[in-house]
Amino acid sequence: MSTTTNVLDMAREQLAIAAKYLELDPGLHAVLSQPKRQVIVHFPVVMDDGSVEVFQGFRVQHNASRGPTKGGIRYHPEVDLDDVTALAMWMTWKCAVVNIPYGGAKGGVKVDTKKLSIRELERLTRRYITEINIVVGERGDIPAPDIGTNAQVMAWIMDTLSMEKGYTVPGVVTGKPIDLGGSEGRVEATGRGVLVAASEACKIVGLDLTKSKVVVQGFGNVGAIAARIAEEHGATVVGISDAEGGIYNPAGLPVGELAKHYSGHDGGIAEYKHCDKVTNAELLELPCDILIPAAISAQITKANADKIKAKLVVEGANGPCTPEADAIFDDKGIFLVPDVLANAGGVVVSYFEWVQDLQNFFWEEVDVNQKLTRIMERAFASVDEVRRSHKTDMRMAAYIIGVKRVAEATIRRGIFP
C-alpha cells in the first residue's frame with residue numbers, strides 16, 4: 001500500500017511479462033488479468049460510546065480454476081479495492097507456485113485497529129463477515145489472517161458463520177486458535193517458509209546462513225518469526241523495524257528480548273537502548289548479507305533500489321519490490337526470492353489446517369513443519385530450474401510456473417456455457 005505506487009498496475013505488469021514468455025492467448029491473458037468477483041460493502045458498527053461509525057470493506061476473488069479461493073483479511077487504514085485485487089491476484093500465483101489446490105482471494109476493511117477497543121474490533125469483525133457471507137464458505141472462499149488481524153479475529157469469523165449455519169464450521173477460516181480447529185505450526189508458517197527460501201537461496205549465491213548478517217523490515221508475525229528463526233540458524237540479526245521505526249546494531253540484536261518486551265507497545269522496538277535508531281527507509285539500506293522486507297508493499301522502488309547493500313533479498317511481505325527495483329537488482333547482481341514463493345508458507349499451512357478441519361483429524365507440529373519444508377524446497381527447486389532454463393530472474397520464473405498452471409486449468413475447464 002503506497003501513495004506513489006499502484007500495486008494493481010504492478011501486479012498486472014508482472015502478469016503481462018509472464019504472458020509474453022508463455023505466449024498466452026490474448027483472451028486468456030484478459031481473463032487472468034481480471035478478478036472473478038469484487039465485493040464492496042459499507043457497514044455500521046456501534047462504538048463503545050454509543051455512536052455509530054460506517055466502515056468500508058472488501059472481498060475479492062481472483063481465480064477459482066484450481067480450487068476454492070483462499071486469502072487473508074487485512075485491517076489497515078490504507079486498504080482499498082486496488083490493493084485487495086492485487087493481493088488476490090498474487091495469491092492465485094502463489095498457490096499455483098507451491099502447487100496447492102486453491103485460487104487467490106483477499107479481503108480487507110479500511111480501519112485503524114489501534115483506535116478500536118476489543119469489543120469494537122469484535123463487533124466490526126462480526127458485521128463485516130456477515131456482510132460478505134454470501135461469497136465465503138469452507139468449499140468456496142476461505143479467509144485467513146493478514147495485517148491487522150490474528151487468530152482471535154479468525155475465531156470471531158468462524159463463530160459468526162457457524163451461528164448462521166446452526167452448527168460449527170471450522171473449515172470456513174484458517175489461522176484459528178489451536179483449540180478451535182487451528183493447526184500446529186500455522187502462526188510460524190510464513191516466517192518459517194521465508195527462512196526455508198532464504199536457506200535455499202544462500203546455496204545459490206554462496207552465502208553461509210549461519211554467518212550471515214540479516215536485516216528485517218517489519219516486526220509483525222512474519223518479520224518477528226523470520227528474525228527469530230534466522231537467529232536460531234546462527235545468523236546475526238543486525239537491523240529490525242516496526243511501524244514506529246527501526247534499530248541497528250552491527251554486533252547483533254536480541255530478537256527474543258525484542259519480541260517479548262517491545263513489539264506491540266507504544267514506541268515499539270525503537271525504545272530499545274543498545275542500538276542506533278534508524279527510519280524504516282534507512283533500515284532497508286543498511287549493510288547486510290540478507291534483507292527481508294516483511295512490512296507492506298512498494299517499499300523498494302527505483303528511488304532506493306540502487307542503495308540496497310544486501311546480496312540476497314527475500315520478500316516476506318506481498319509486493320515490497322516494484323518491477324523497476326527488480327531491474328536494478330538484476331543489474332547489481334542482487335539475488336531476489338519473490339513473494340509468491342518466499343512467503344507462501346502461510347498459505348501452505350493454511351491448506352494443511354483446512355484439510356485437517358475437513359477430516360477432523362489433526363497433525364503434530366513436527367509433521368506440519370516437515371511437510372511445509374518439503375513443499376517449500378520442492379517449489380524453490382522448480383522455480384530455480386525455470387530461472388536457469390529461461391535465463392530470467394526468480395520472480396519471472398515463479399510467474400511462469402504459476403501463471404502456466406492457472407492458465408492450463410482454465411483452458412481444461414473451459415468457459416461456461
# chains A, B, ... in the order shown; residues from 1 in each chain; ligands from 1
call {"tool": "select_by_dssp", "arguments": {"residues": "region 218-411 of chain A", "states": "strand (DSSP E or B)", "output": "list in words"}}
result
Thr236, Val237, Val238, Gly239, Ile240, Ser241, Asp242, Gly245, Gly246, Ile247, Tyr248, Asp276, Lys277, Val278, Ile290, Leu291, Ile292, Pro293, Ile300, Leu312, Val313, Val314, Cys321, Phe335, Leu336 and Val337 of chain A
call {"tool": "residues_around", "arguments": {"residues": "Cys321 (chain A)", "least_positions_apart": "3", "cutoff": "8 Å", "atoms": "only C-alpha atoms", "output": "MDAnalysis selection string"}}
result
chainID A and resid 297:301 315 325:326
call {"tool": "write_last_selection", "arguments": {"atoms": "N, CA and C atoms", "output": "PDB file, in the first residue's frame"}}
result
ATOM      1  N   SER A 297       3.678  -3.290   0.962  1.00  0.00           N
ATOM      2  CA  SER A 297       4.112  -3.294  -0.433  1.00  0.00           C
ATOM      3  C   SER A 297       4.827  -2.003  -0.824  1.00  0.00           C
ATOM      4  N   ALA A 298       5.529  -2.082  -1.967  1.00  0.00           N
ATOM      5  CA  ALA A 298       6.184  -0.940  -2.618  1.00  0.00           C
ATOM      6  C   ALA A 298       7.143  -0.193  -1.690  1.00  0.00           C
ATOM      7  N   GLN A 299       7.955  -0.930  -0.950  1.00  0.00           N
ATOM      8  CA  GLN A 299       8.953  -0.320  -0.066  1.00  0.00           C
ATOM      9  C   GLN A 299      10.291  -0.104  -0.769  1.00  0.00           C
ATOM     10  N   ILE A 300      10.573  -0.929  -1.769  1.00  0.00           N
ATOM     11  CA  ILE A 300      11.818  -0.791  -2.524  1.00  0.00           C
ATOM     12  C   ILE A 300      11.442  -0.490  -3.970  1.00  0.00           C
ATOM     13  N   THR A 301      11.804   0.697  -4.426  1.00  0.00           N
ATOM     14  CA  THR A 301      11.398   1.203  -5.733  1.00  0.00           C
ATOM     15  C   THR A 301      12.638   1.673  -6.496  1.00  0.00           C
ATOM     16  N   GLU A 315      11.520 -11.729  -0.043  1.00  0.00           N
ATOM     17  CA  GLU A 315      10.318 -10.940   0.193  1.00  0.00           C
ATOM     18  C   GLU A 315       9.358 -11.634   1.169  1.00  0.00           C
ATOM     19  N   ALA A 325      12.535  -1.824  -9.310  1.00  0.00           N
ATOM     20  CA  ALA A 325      13.525  -2.287  -8.341  1.00  0.00           C
ATOM     21  C   ALA A 325      14.103  -3.632  -8.767  1.00  0.00           C
ATOM     22  N   ASP A 326      13.255  -4.506  -9.285  1.00  0.00           N
ATOM     23  CA  ASP A 326      13.736  -5.805  -9.775  1.00  0.00           C
ATOM     24  C   ASP A 326      14.820  -5.618 -10.832  1.00  0.00           C
TER      25      ASP A 326
END
call {"tool": "residues_around", "arguments": {"residues": "Asp159 (chain A)", "least_positions_apart": "4", "cutoff": "12 Å", "atoms": "only C-alpha atoms", "output": "ChimeraX atom specification"}}
result
/A:122,125-126,129-130,152-155,163-173,176,180-181
call {"tool": "write_last_selection", "arguments": {"atoms": "C-alpha atoms", "output": "compact mmCIF listing (two decimals), in the first residue's frame"}}
result
# COMPACT_ATOMS: atom_id res chain seq x y z
CA GLU A 122 -15.21 -7.85 17.59
CA THR A 125 -15.40 -8.25 12.51
CA ARG A 126 -18.74 -9.95 13.02
CA ILE A 129 -18.09 -11.13 7.77
CA THR A 130 -21.89 -11.09 7.88
CA GLN A 152 -8.81 -14.15 17.69
CA VAL A 153 -10.32 -12.33 14.71
CA MET A 154 -10.47 -15.64 12.84
CA ALA A 155 -12.25 -17.22 15.84
CA MET A 163 -24.05 -19.33 14.18
CA GLU A 164 -25.57 -18.56 10.80
CA LYS A 165 -25.24 -22.22 9.73
CA GLY A 166 -26.57 -23.61 13.00
CA TYR A 167 -23.52 -25.84 13.57
CA THR A 168 -19.77 -25.42 13.93
CA VAL A 169 -17.95 -24.99 10.61
CA PRO A 170 -14.21 -24.92 11.48
CA GLY A 171 -13.07 -25.19 7.84
CA VAL A 172 -14.58 -21.84 6.89
CA VAL A 173 -11.46 -19.97 8.01
CA LYS A 176 -7.70 -20.08 14.11
CA LEU A 180 -10.91 -24.19 17.78
CA GLY A 181 -9.52 -26.28 14.95
call {"tool": "select_by_dssp", "arguments": {"residues": "region 245-274 of chain A", "states": "alpha helix (DSSP H)", "output": "ChimeraX atom specification"}}
result
/A:255-261
call {"tool": "write_last_selection", "arguments": {"atoms": "C-alpha atoms", "output": "short mmCIF file (atom, residue, chain, number, x, y, z; two decimals), in the first residue's frame"}}
result
data_model
loop_
_atom_site.label_atom_id
_atom_site.label_comp_id
_atom_site.auth_asym_id
_atom_site.auth_seq_id
_atom_site.Cartn_x
_atom_site.Cartn_y
_atom_site.Cartn_z
CA VAL A 255 15.44 -10.91 18.80
CA GLY A 256 13.75 -12.85 21.57
CA GLU A 257 14.00 -9.99 24.04
CA LEU A 258 12.68 -7.51 21.50
CA ALA A 259 9.73 -9.73 20.63
CA LYS A 260 8.87 -10.23 24.29
CA HIS A 261 9.21 -6.71 25.62
#
call {"tool": "residues_around", "arguments": {"residues": "Thr113 (chain A)", "least_positions_apart": "5", "cutoff": "10 Å", "atoms": "only C-alpha atoms", "output": "PDB file with N, CA and C atoms, in the first residue's frame"}}
result
ATOM      1  N   TYR A  75      -6.858  -5.594   8.016  1.00  0.00           N
ATOM      2  CA  TYR A  75      -7.428  -4.390   8.625  1.00  0.00           C
ATOM      3  C   TYR A  75      -6.335  -3.324   8.626  1.00  0.00           C
ATOM      4  N   HIS A  76      -6.532  -2.281   7.825  1.00  0.00           N
ATOM      5  CA  HIS A  76      -5.498  -1.248   7.704  1.00  0.00           C
ATOM      6  C   HIS A  76      -6.146   0.034   7.191  1.00  0.00           C
ATOM      7  N   PRO A  77      -5.697   1.190   7.663  1.00  0.00           N
ATOM      8  CA  PRO A  77      -6.337   2.444   7.236  1.00  0.00           C
ATOM      9  C   PRO A  77      -6.145   2.780   5.766  1.00  0.00           C
ATOM     10  N   ILE A 118     -11.313  -3.764  22.132  1.00  0.00           N
ATOM     11  CA  ILE A 118     -11.504  -5.167  21.772  1.00  0.00           C
ATOM     12  C   ILE A 118     -12.958  -5.430  21.382  1.00  0.00           C
ATOM     13  N   GLU A 120     -15.134  -3.269  20.202  1.00  0.00           N
ATOM     14  CA  GLU A 120     -15.396  -2.625  18.908  1.00  0.00           C
ATOM     15  C   GLU A 120     -14.816  -3.449  17.764  1.00  0.00           C
ATOM     16  N   LEU A 121     -13.610  -4.008  17.979  1.00  0.00           N
ATOM     17  CA  LEU A 121     -12.987  -4.844  16.968  1.00  0.00           C
ATOM     18  C   LEU A 121     -13.833  -6.091  16.701  1.00  0.00           C
ATOM     19  N   GLY A 148      -3.085  -6.688  10.622  1.00  0.00           N
ATOM     20  CA  GLY A 148      -4.162  -6.147  11.459  1.00  0.00           C
ATOM     21  C   GLY A 148      -5.154  -7.167  11.962  1.00  0.00           C
ATOM     22  N   THR A 149      -5.022  -8.428  11.553  1.00  0.00           N
ATOM     23  CA  THR A 149      -5.909  -9.476  12.056  1.00  0.00           C
ATOM     24  C   THR A 149      -5.077 -10.612  12.629  1.00  0.00           C
TER      25      THR A 149
END
call {"tool": "atom_distance", "arguments": {"atom1": "CA of Ala398 (chain A)", "atom2": "CA of Tyr102 (chain A)"}}
result
16.4 Å
call {"tool": "residues_around", "arguments": {"residues": "Ser350 (chain A)", "least_positions_apart": "4", "cutoff": "8 Å", "atoms": "only C-alpha atoms", "output": "PyMOL selection string"}}
result
chain A and resi 144+174-175+183+186+346+354
call {"tool": "atom_distance", "arguments": {"atom1": "CA of Ala305 (chain A)", "atom2": "CA of Pro323 (chain A)"}}
result
10.5 Å
call {"tool": "closest_residue", "arguments": {"among": "A:Ala270, A:Ala409, A:Ala342, A:Ile178", "to": "Glu365 (chain A)", "atoms": "only C-alpha atoms"}}
result
A:Ile178
call {"tool": "decode", "arguments": {"residues": "region 185-233 of chain A", "atoms": "C-alpha atoms", "output": "mmCIF file, in the first residue's frame"}}
result
data_model
loop_
_atom_site.group_PDB
_atom_site.id
_atom_site.type_symbol
_atom_site.label_atom_id
_atom_site.label_comp_id
_atom_site.auth_asym_id
_atom_site.auth_seq_id
_atom_site.Cartn_x
_atom_site.Cartn_y
_atom_site.Cartn_z
ATOM 1 C CA GLY A 185 2.704 -24.545 13.201
ATOM 2 C CA ARG A 186 0.312 -22.112 11.490
ATOM 3 C CA VAL A 187 1.423 -18.989 13.394
ATOM 4 C CA GLU A 188 5.061 -19.547 12.428
ATOM 5 C CA ALA A 189 4.398 -20.869 8.931
ATOM 6 C CA THR A 190 5.016 -17.750 6.827
ATOM 7 C CA GLY A 191 8.171 -16.746 8.694
ATOM 8 C CA ARG A 192 9.425 -20.328 8.665
ATOM 9 C CA GLY A 193 8.808 -20.557 4.916
ATOM 10 C CA VAL A 194 10.749 -17.318 4.377
ATOM 11 C CA LEU A 195 13.759 -18.867 6.124
ATOM 12 C CA VAL A 196 13.475 -22.078 4.102
ATOM 13 C CA ALA A 197 13.558 -19.941 0.955
ATOM 14 C CA ALA A 198 16.464 -17.891 2.303
ATOM 15 C CA SER A 199 18.403 -21.035 3.160
ATOM 16 C CA GLU A 200 17.914 -22.467 -0.340
ATOM 17 C CA ALA A 201 18.887 -19.135 -1.932
ATOM 18 C CA CYS A 202 22.074 -18.976 0.156
ATOM 19 C CA LYS A 203 23.265 -22.134 -1.611
ATOM 20 C CA ILE A 204 22.931 -20.375 -4.965
ATOM 21 C CA VAL A 205 24.590 -17.084 -4.050
ATOM 22 C CA GLY A 206 27.348 -18.644 -1.962
ATOM 23 C CA LEU A 207 26.295 -17.344 1.439
ATOM 24 C CA ASP A 208 26.615 -19.244 4.709
ATOM 25 C CA LEU A 209 23.360 -18.577 6.566
ATOM 26 C CA THR A 210 25.000 -19.315 9.911
ATOM 27 C CA LYS A 211 27.486 -16.480 9.339
ATOM 28 C CA SER A 212 25.169 -14.018 7.594
ATOM 29 C CA LYS A 213 24.044 -10.618 8.802
ATOM 30 C CA VAL A 214 20.299 -10.157 8.400
ATOM 31 C CA VAL A 215 18.054 -7.074 8.303
ATOM 32 C CA VAL A 216 14.292 -7.463 8.699
ATOM 33 C CA GLN A 217 11.807 -4.707 7.879
ATOM 34 C CA GLY A 218 8.586 -5.309 9.778
ATOM 35 C CA PHE A 219 8.270 -6.913 13.215
ATOM 36 C CA GLY A 220 4.802 -8.376 12.885
ATOM 37 C CA ASN A 221 4.006 -12.059 12.630
ATOM 38 C CA VAL A 222 6.160 -12.680 9.545
ATOM 39 C CA GLY A 223 9.137 -10.464 10.326
ATOM 40 C CA ALA A 224 9.441 -11.338 14.012
ATOM 41 C CA ILE A 225 9.319 -15.071 13.363
ATOM 42 C CA ALA A 226 11.677 -14.872 10.385
ATOM 43 C CA ALA A 227 14.136 -12.914 12.554
ATOM 44 C CA ARG A 228 13.859 -15.425 15.396
ATOM 45 C CA ILE A 229 14.353 -18.458 13.153
ATOM 46 C CA ALA A 230 17.263 -16.753 11.386
ATOM 47 C CA GLU A 231 18.883 -16.250 14.790
ATOM 48 C CA GLU A 232 18.200 -19.899 15.688
ATOM 49 C CA HIS A 233 20.026 -20.902 12.492
#
